[in-house]
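The data block below is model_21.txt; it holds compact mmCIF, C-alpha atoms.
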```txt
# COMPACT_ATOMS: atom_id res chain seq x y z
CA MET A 1 133.01 68.30 112.06
CA THR A 2 131.92 67.32 115.54
CA SER A 3 129.54 70.29 115.78
CA VAL A 4 127.21 68.67 113.22
CA PRO A 5 125.38 65.59 114.54
CA SER A 6 125.96 62.67 112.18
CA SER A 7 122.27 61.80 112.07
CA LEU A 8 121.30 65.28 110.82
CA PRO A 9 122.18 64.76 107.11
CA LEU A 10 120.31 61.45 107.20
CA LEU A 11 117.20 63.06 108.70
CA VAL A 12 117.38 65.96 106.23
CA SER A 13 117.69 63.52 103.31
CA ALA A 14 114.72 61.47 104.50
CA ALA A 15 112.57 64.59 104.96
CA LEU A 16 113.64 65.90 101.56
CA PHE A 17 112.77 62.63 99.83
CA ALA A 18 109.38 62.51 101.56
CA GLY A 19 108.67 66.10 100.48
CA TRP A 20 109.82 65.47 96.91
CA LEU A 21 107.69 62.31 96.71
CA THR A 22 104.57 64.12 97.96
CA VAL A 23 105.01 67.03 95.53
CA THR A 24 105.79 64.65 92.65
CA LEU A 25 102.66 62.58 93.29
CA VAL A 26 100.51 65.72 93.36
CA LEU A 27 102.14 67.04 90.17
CA LYS A 28 101.71 63.68 88.42
CA HIS A 29 98.03 63.71 89.38
CA HIS A 30 97.63 67.20 87.91
CA TRP A 31 99.52 66.31 84.72
CA ASP A 32 97.50 63.13 84.17
CA ARG A 33 94.17 64.76 84.93
CA TYR A 34 94.37 68.28 83.52
CA GLU A 35 96.97 68.26 80.74
CA LEU A 36 95.50 68.57 77.23
CA ASN A 37 98.47 67.17 75.35
CA LYS A 38 99.57 63.64 76.27
CA ASP A 39 102.98 64.14 74.61
CA ASP A 40 103.67 67.08 76.92
CA VAL A 41 102.82 64.89 79.93
CA ARG A 42 105.18 62.16 78.76
CA ARG A 43 107.99 64.67 78.15
CA ALA A 44 107.41 66.38 81.51
CA LYS A 45 107.55 63.03 83.34
CA VAL A 46 110.75 61.92 81.57
CA ILE A 47 112.50 65.23 82.30
CA HIS A 48 111.26 65.46 85.90
CA PHE A 49 112.15 61.90 86.84
CA SER A 50 115.53 61.81 85.07
CA VAL A 51 116.75 65.11 86.55
CA SER A 52 115.42 64.07 89.97
CA LEU A 53 117.29 60.76 89.69
CA VAL A 54 120.57 62.55 88.90
CA LEU A 55 120.01 64.97 91.80
CA PHE A 56 119.23 62.17 94.25
CA ILE A 57 122.38 60.29 93.14
CA PHE A 58 124.35 63.51 93.82
CA LEU A 59 122.54 63.81 97.17
CA GLY A 60 123.39 60.18 98.01
CA VAL A 61 127.07 60.68 97.23
CA ALA A 62 127.17 63.93 99.22
CA LEU A 63 125.38 62.18 102.10
CA ILE A 64 127.91 59.33 102.18
CA LYS A 65 130.76 61.87 102.24
CA ALA A 66 129.05 63.89 104.99
CA LEU A 67 128.41 60.89 107.27
CA MET B 68 89.26 69.20 81.83
CA ILE B 69 85.96 70.88 80.91
CA THR B 70 82.58 69.43 80.03
CA LEU B 71 81.01 70.82 76.91
CA HIS B 72 77.26 71.40 76.72
CA ALA B 73 75.06 70.14 73.92
CA GLY B 74 75.82 72.01 70.69
CA GLU B 75 78.89 73.65 72.17
CA GLU B 76 82.16 73.59 70.25
CA VAL B 77 85.61 74.84 71.18
CA LEU B 78 86.69 77.69 68.89
CA LEU B 79 90.01 78.50 70.49
CA THR B 80 92.32 76.99 73.12
CA ARG B 81 95.19 79.10 74.43
CA ARG B 82 97.87 78.62 77.03
CA ARG B 83 99.91 81.26 78.75
CA HIS B 84 102.93 82.48 76.81
CA TRP B 85 106.14 80.56 77.50
CA LEU B 86 108.37 83.61 78.10
CA PRO B 87 107.20 84.64 81.63
CA VAL B 88 107.69 81.08 82.92
CA ALA B 89 111.03 80.81 81.07
CA LEU B 90 112.21 83.91 82.97
CA GLU B 91 110.97 82.37 86.23
CA LEU B 92 112.82 79.13 85.48
CA ALA B 93 115.94 81.12 84.58
CA SER B 94 115.89 82.66 88.07
CA PHE B 95 115.83 79.09 89.48
CA ALA B 96 118.88 78.30 87.31
CA VAL B 97 120.74 81.37 88.63
CA LEU B 98 119.94 80.33 92.21
CA ALA B 99 121.27 76.84 91.40
CA ILE B 100 124.55 78.16 90.01
CA LEU B 101 125.31 80.73 92.75
CA PRO B 102 126.44 78.25 95.47
CA ALA B 103 128.62 76.45 92.91
CA ILE B 104 130.38 79.74 92.14
CA PHE B 105 130.81 80.36 95.87
CA LEU B 106 132.19 76.83 96.41
CA SER B 107 134.61 77.09 93.50
CA GLY B 108 135.71 80.48 94.88
CA SER B 109 136.98 78.66 97.99
CA LEU B 110 139.67 77.08 95.78
CA SER B 111 141.36 80.46 95.46
CA LEU B 112 141.83 80.71 99.24
CA ARG B 113 145.20 80.26 100.93
CA TYR B 114 146.25 76.71 101.87
CA SER B 115 145.72 77.23 105.63
CA GLU B 116 142.24 78.63 105.04
CA ARG B 117 141.42 75.79 102.69
CA LEU B 118 142.46 73.28 105.38
CA ILE B 119 139.88 74.75 107.78
CA LEU B 120 137.23 74.78 105.08
CA ALA B 121 138.05 71.24 103.94
CA GLU B 122 136.59 69.95 107.19
CA TYR B 123 133.20 71.42 106.30
CA LEU B 124 133.35 70.79 102.57
CA PRO B 125 131.35 67.49 102.64
CA PHE B 126 128.55 69.32 104.50
CA ALA B 127 128.72 72.19 102.02
CA PHE B 128 128.27 69.72 99.15
CA PHE B 129 125.46 67.99 100.99
CA GLY B 130 123.75 71.36 101.56
CA TYR B 131 124.20 72.17 97.87
CA ALA B 132 122.61 68.86 96.85
CA VAL B 133 119.63 69.58 99.16
CA TRP B 134 119.38 73.08 97.66
CA LEU B 135 119.34 71.67 94.11
CA VAL B 136 116.56 69.18 94.92
CA LEU B 137 114.50 71.98 96.51
CA LEU B 138 115.03 74.24 93.49
CA TRP B 139 114.18 71.48 91.03
CA THR B 140 110.95 70.72 92.90
CA GLY B 141 110.11 74.44 92.99
CA ALA B 142 110.79 74.72 89.25
CA ALA B 143 108.49 71.74 88.55
CA ILE B 144 105.71 73.43 90.55
CA ALA B 145 106.27 76.75 88.72
CA TRP B 146 106.14 75.04 85.32
CA THR B 147 102.99 73.10 86.25
CA ASN B 148 101.27 76.28 87.48
CA HIS B 149 102.08 77.89 84.15
CA HIS B 150 101.36 74.95 81.89
CA LEU B 151 97.97 74.01 83.30
CA ASP B 152 96.53 77.51 82.85
CA VAL B 153 94.31 77.36 79.80
CA LEU B 154 91.76 79.64 78.18
CA PHE B 155 88.95 78.13 76.11
CA VAL B 156 86.67 80.14 73.86
CA THR B 157 83.65 78.14 72.77
CA ASN B 158 80.59 79.25 70.82
CA LYS B 159 78.76 79.53 74.17
CA ARG B 160 81.30 80.35 76.86
CA ILE B 161 84.73 81.72 77.71
CA ILE B 162 86.38 79.42 80.25
CA ASP B 163 89.53 80.34 82.14
CA VAL B 164 91.22 77.48 83.99
CA GLU B 165 93.93 78.59 86.38
CA GLN B 166 96.22 76.41 88.44
CA ILE B 167 97.04 78.28 91.67
CA GLY B 168 99.80 76.51 93.53
CA LEU B 169 99.72 72.78 94.23
CA PHE B 170 96.30 72.35 95.75
CA SER B 171 94.13 75.07 94.28
CA ARG B 172 92.56 75.25 90.84
CA ASP B 173 90.29 78.04 89.70
CA LEU B 174 87.75 77.63 86.92
CA ALA B 175 85.81 80.71 85.85
CA GLU B 176 83.47 81.13 82.92
CA ILE B 177 81.42 83.79 81.18
CA ARG B 178 78.57 83.16 78.79
CA ILE B 179 79.53 84.54 75.42
CA GLU B 180 76.32 86.58 75.02
CA ASN B 181 77.08 88.34 78.34
CA VAL B 182 80.39 89.74 77.07
CA GLN B 183 80.18 93.53 76.89
CA ASP B 184 83.75 94.62 76.29
CA VAL B 185 87.14 93.00 75.74
CA HIS B 186 90.19 95.07 76.56
CA VAL B 187 93.64 93.97 75.39
CA GLU B 188 96.76 95.16 77.20
CA ILE B 189 100.23 94.52 75.80
CA LYS B 190 102.59 96.51 77.96
CA GLY B 191 106.32 96.92 77.42
CA PHE B 192 108.97 96.06 74.86
CA VAL B 193 109.30 92.32 75.56
CA PRO B 194 105.53 91.51 75.48
CA SER B 195 105.21 93.55 72.25
CA MET B 196 108.08 91.69 70.63
CA PHE B 197 106.79 88.27 71.69
CA ASN B 198 103.11 89.09 71.18
CA TYR B 199 101.69 88.28 74.61
CA GLY B 200 99.63 90.28 77.06
CA ASN B 201 96.55 90.53 79.23
CA LEU B 202 92.84 90.54 78.46
CA ALA B 203 90.14 92.13 80.58
CA ILE B 204 86.68 90.90 79.65
CA GLN B 205 83.70 92.91 80.93
CA SER B 206 80.52 90.95 81.34
CA ALA B 207 76.91 91.73 82.15
CA GLY B 208 76.74 88.81 84.56
CA GLU B 209 77.44 88.57 88.25
CA GLN B 210 81.16 88.47 87.69
CA ASN B 211 81.79 91.89 86.17
CA GLU B 212 85.38 91.58 85.08
CA PHE B 213 87.36 88.62 84.05
CA LYS B 214 91.14 88.95 83.66
CA VAL B 215 93.48 86.59 81.88
CA ILE B 216 97.17 87.33 82.17
CA ASN B 217 100.17 86.69 79.90
CA PHE B 218 98.40 84.84 77.10
CA HIS B 219 99.84 84.50 73.63
CA ASP B 220 98.25 86.62 70.86
CA PRO B 221 95.62 88.48 72.95
CA HIS B 222 94.33 90.27 69.82
CA GLY B 223 93.60 86.88 68.24
CA ILE B 224 91.69 85.87 71.39
CA ARG B 225 89.74 89.15 71.31
CA GLU B 226 88.81 88.56 67.66
CA ALA B 227 87.67 85.01 68.39
CA ILE B 228 85.53 86.28 71.29
CA ALA B 229 84.07 89.06 69.12
CA LYS B 230 83.16 86.60 66.34
CA ALA B 231 81.59 84.15 68.80
CA HIS B 232 79.69 87.02 70.44
CA GLU B 233 78.32 88.24 67.09
CA ALA B 234 77.31 84.71 66.15
CA SER B 235 75.53 84.27 69.50
CA LEU B 236 73.56 87.48 68.91
CA ARG B 237 72.49 86.29 65.47
CA THR B 238 71.19 82.95 66.75
CA PRO B 239 68.20 82.85 69.13
CA ALA B 240 69.11 82.14 72.76
CA THR B 241 68.48 78.47 73.48
CA ASN B 242 70.82 78.02 76.38
CA GLU B 243 69.08 79.78 79.29
CA ALA B 244 69.87 76.82 81.51
CA LEU B 245 73.63 77.41 81.23
CA PRO B 246 74.84 78.65 84.60
CA ASN B 247 77.28 81.53 85.01
CA ILE B 248 79.77 79.72 87.18
CA SER B 249 82.89 80.81 88.96
CA SER B 250 84.15 78.00 91.11
CA VAL B 251 87.35 77.06 92.85
CA VAL B 252 88.22 73.38 92.78
CA LYS B 253 90.60 72.57 95.60
```

In structure tokens, how does this file's structure come out?
Amino acid sequence: MTSVPSSLPLLVSAALFAGWLTVTLVLKHHWDRYELNKDDVRRAKVIHFSVSLVLFIFLGVALIKAL
Amino acid sequence: MITLHAGEEVLLTRRRHWLPVALELASFAVLAILPAIFLSGSLSLRYSERLILAEYLPFAFFGYAVWLVLLWTGAAIAWTNHHLDVLFVTNKRIIDVEQIGLFSRDLAEIRIENVQDVHVEIKGFVPSMFNYGNLAIQSAGEQNEFKVINFHDPHGIREAIAKAHEASLRTPATNEALPNISSVVK
């Protein structure tokens, strides 16, 4: 346990969230601008954001346990 | 997505077939499940071994959560790359829009009257069963060959191109100003 610095999971989580946010903003831009079917865009956004939310809740719980 | 010229109408719009991206997404799912199998396998270890592992278990779960977020983001990129690839056949042009990664988008077009040959390739059992394949379009323009990969019903696309080409030969050319463009929008 002591071999892993306690700040490491926090830093990894922050970097991961920043990366996810950047990619998501770029993807959202592409979906809004280039998608032909607005229903597909809506569905893609709902699925992407709900699954991401679940995963970040899991990440948060795992982070609390790891700290 | 595209700007139509005066008197131009879209005859056919096609996306890539869903199966190749479904297989790609399935590989993401397998990669997501593998660590869970490995972690659940640790339950079958002896008590003393489990005690040692228990110390690192919170970090293992944290690593797994990170892995899942990375895979989910990768899957979203893969789906977007697939879903934003579109082929348009109009009465004046064939336009292939291809999303290449996150920051690169390729838009290539051929004037319909420049089309010389359209070659359809459906290779293998799965593409034959699901009716998807590749098209190679030979043109007389600067860009000699134009390839579109994994599109649904390539024979239908070929027929639409052939009909549009015949129609363009019957009508007098009034669109000399149309450029033969192949550009990458980044």

Could you produce a table of the residues of chain B lying within 7 Å of chain A, with the nearest pair of atoms per residue and their separation in Å rounded to one decimal, using only C-alpha atoms, ordered by chain and increasing residue number, as a Markdown table?
```
| residue | atom | partner | partner_atom | distance |
| --- | --- | --- | --- | --- |
| B:Met68 | CA | A:Tyr34 | CA | 5.5 |
| B:Glu122 | CA | A:Met1 | CA | 6.3 |
| B:Tyr123 | CA | A:Met1 | CA | 6.6 |
| B:Pro125 | CA | A:Ala66 | CA | 4.9 |
| B:Phe126 | CA | A:Ala66 | CA | 5.5 |
| B:Phe128 | CA | A:Ala62 | CA | 5.9 |
| B:Phe129 | CA | A:Ala62 | CA | 4.7 |
| B:Ala132 | CA | A:Leu59 | CA | 5.1 |
| B:Val133 | CA | A:Leu59 | CA | 6.8 |
| B:Val136 | CA | A:Leu55 | CA | 6.3 |
| B:Thr140 | CA | A:Trp20 | CA | 6.7 |
| B:Leu151 | CA | A:Glu35 | CA | 6.4 |
```

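Counting all atoms listed in the file and comparing B:Ser107, B:Ser206, B:Asn158, B:Asn148, the residue that lies closest to Arg172 (chain B) is B:Asn148.
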
So how many Å separate CA of Ala93 (chain B) and CA of Asn217 (chain B), to one decimal?
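Rounded to one decimal, the two atoms are 17.4 Å apart.
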
What does the structure give for the distance between CA of Glu91 (chain B) and CA of Gly168 (chain B), in Å to one decimal?
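Taking CA of Glu91 (chain B) and CA of Gly168 (chain B), their separation equals 14.6 Å.
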
Contact residues around Thr238 (chain B) with all atoms listed in the file at 12 Å, ignoring same-chain residues under 6 positions, as an MDAnalysis selection string:
chainID B and resid 158:159 180 231:232

With 4 Å on each side, where is the centre of the axis-aligned box around all listed atoms of region 31-49 of chain A, and how long are its edges in Å to one decimal, as JSON?
```
{"center_x": 103.3, "center_y": 65.2, "center_z": 80.7, "size_x": 26.3, "size_y": 14.7, "size_z": 20.2}
```

When you count only C-alpha atoms, which of these residues is closest to Ser195 (chain B): B:Tyr131, B:Asp220, B:Phe213, B:Arg82?
B:Asp220

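You can rank B:Thr80, B:Gln205, B:Asn198, B:Gln183 by their closest distance to Asp152 (chain B) using only C-alpha atoms, and at the top of that list sits B:Thr80.
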
Please report the interatomic distance between CA of Lys45 (chain A) and CA of Ile69 (chain B) in Å with one decimal.
23.1 Å

Might you pull out every residue within 12 Å of Glu188 (chain B), with all atoms listed in the file counted and same-chain residues fewer than 2 positions away left off, and present them as a list in words?
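Near Glu188 (chain B), the qualifying residues are Val185, His186, Lys190, Gly191, Pro194, Ser195, Asn198, Tyr199, Gly200, Asn201, Leu202, Ala203, Ile204, Lys214, Val215, Ile216, Asn217, Phe218, His219, Asp220, Pro221, His222 and Arg225 of chain B.
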
Using only C-alpha atoms, which residue out of B:Ala229, B:Arg83, B:Leu124, B:His72 lies closest to Glu165 (chain B)?
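Checking each candidate against Glu165 (chain B), we get B:Arg83 as the closest.
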
For region 196-210 of chain B, supply N, CA and C atoms and format the output as a JSON list (two decimals), keeping the file's coordinate frame.
```json
[["chain", "number", "residue", "atom", "x", "y", "z"],
["B", 196, "MET", "N", 107.26, 92.47, 71.55],
["B", 196, "MET", "CA", 108.08, 91.69, 70.63],
["B", 196, "MET", "C", 107.60, 90.24, 70.53],
["B", 197, "PHE", "N", 107.17, 89.68, 71.67],
["B", 197, "PHE", "CA", 106.79, 88.27, 71.69],
["B", 197, "PHE", "C", 105.27, 88.06, 71.60],
["B", 198, "ASN", "N", 104.56, 89.15, 71.40],
["B", 198, "ASN", "CA", 103.11, 89.09, 71.18],
["B", 198, "ASN", "C", 102.36, 88.35, 72.30],
["B", 199, "TYR", "N", 102.53, 88.81, 73.52],
["B", 199, "TYR", "CA", 101.69, 88.28, 74.61],
["B", 199, "TYR", "C", 101.24, 89.42, 75.51],
["B", 200, "GLY", "N", 100.15, 89.21, 76.20],
["B", 200, "GLY", "CA", 99.63, 90.28, 77.06],
["B", 200, "GLY", "C", 98.40, 89.83, 77.82],
["B", 201, "ASN", "N", 97.70, 90.82, 78.36],
["B", 201, "ASN", "CA", 96.55, 90.53, 79.23],
["B", 201, "ASN", "C", 95.23, 90.89, 78.53],
["B", 202, "LEU", "N", 94.18, 90.25, 78.98],
["B", 202, "LEU", "CA", 92.84, 90.54, 78.46],
["B", 202, "LEU", "C", 91.93, 90.80, 79.64],
["B", 203, "ALA", "N", 91.16, 91.88, 79.56],
["B", 203, "ALA", "CA", 90.14, 92.13, 80.58],
["B", 203, "ALA", "C", 88.79, 92.04, 79.86],
["B", 204, "ILE", "N", 87.97, 91.13, 80.31],
["B", 204, "ILE", "CA", 86.68, 90.90, 79.65],
["B", 204, "ILE", "C", 85.57, 91.37, 80.59],
["B", 205, "GLN", "N", 84.83, 92.38, 80.13],
["B", 205, "GLN", "CA", 83.70, 92.91, 80.93],
["B", 205, "GLN", "C", 82.46, 92.10, 80.58],
["B", 206, "SER", "N", 81.74, 91.71, 81.62],
["B", 206, "SER", "CA", 80.52, 90.95, 81.34],
["B", 206, "SER", "C", 79.32, 91.57, 82.04],
["B", 207, "ALA", "N", 78.13, 91.21, 81.55],
["B", 207, "ALA", "CA", 76.91, 91.73, 82.15],
["B", 207, "ALA", "C", 76.47, 90.85, 83.31],
["B", 208, "GLY", "N", 77.14, 89.75, 83.51],
["B", 208, "GLY", "CA", 76.74, 88.81, 84.56],
["B", 208, "GLY", "C", 77.16, 89.25, 85.94],
["B", 209, "GLU", "N", 77.09, 88.30, 86.85],
["B", 209, "GLU", "CA", 77.44, 88.57, 88.25],
["B", 209, "GLU", "C", 78.91, 88.94, 88.39],
["B", 210, "GLN", "N", 79.72, 88.21, 87.64],
["B", 210, "GLN", "CA", 81.16, 88.47, 87.69],
["B", 210, "GLN", "C", 81.47, 89.53, 86.65]]
```
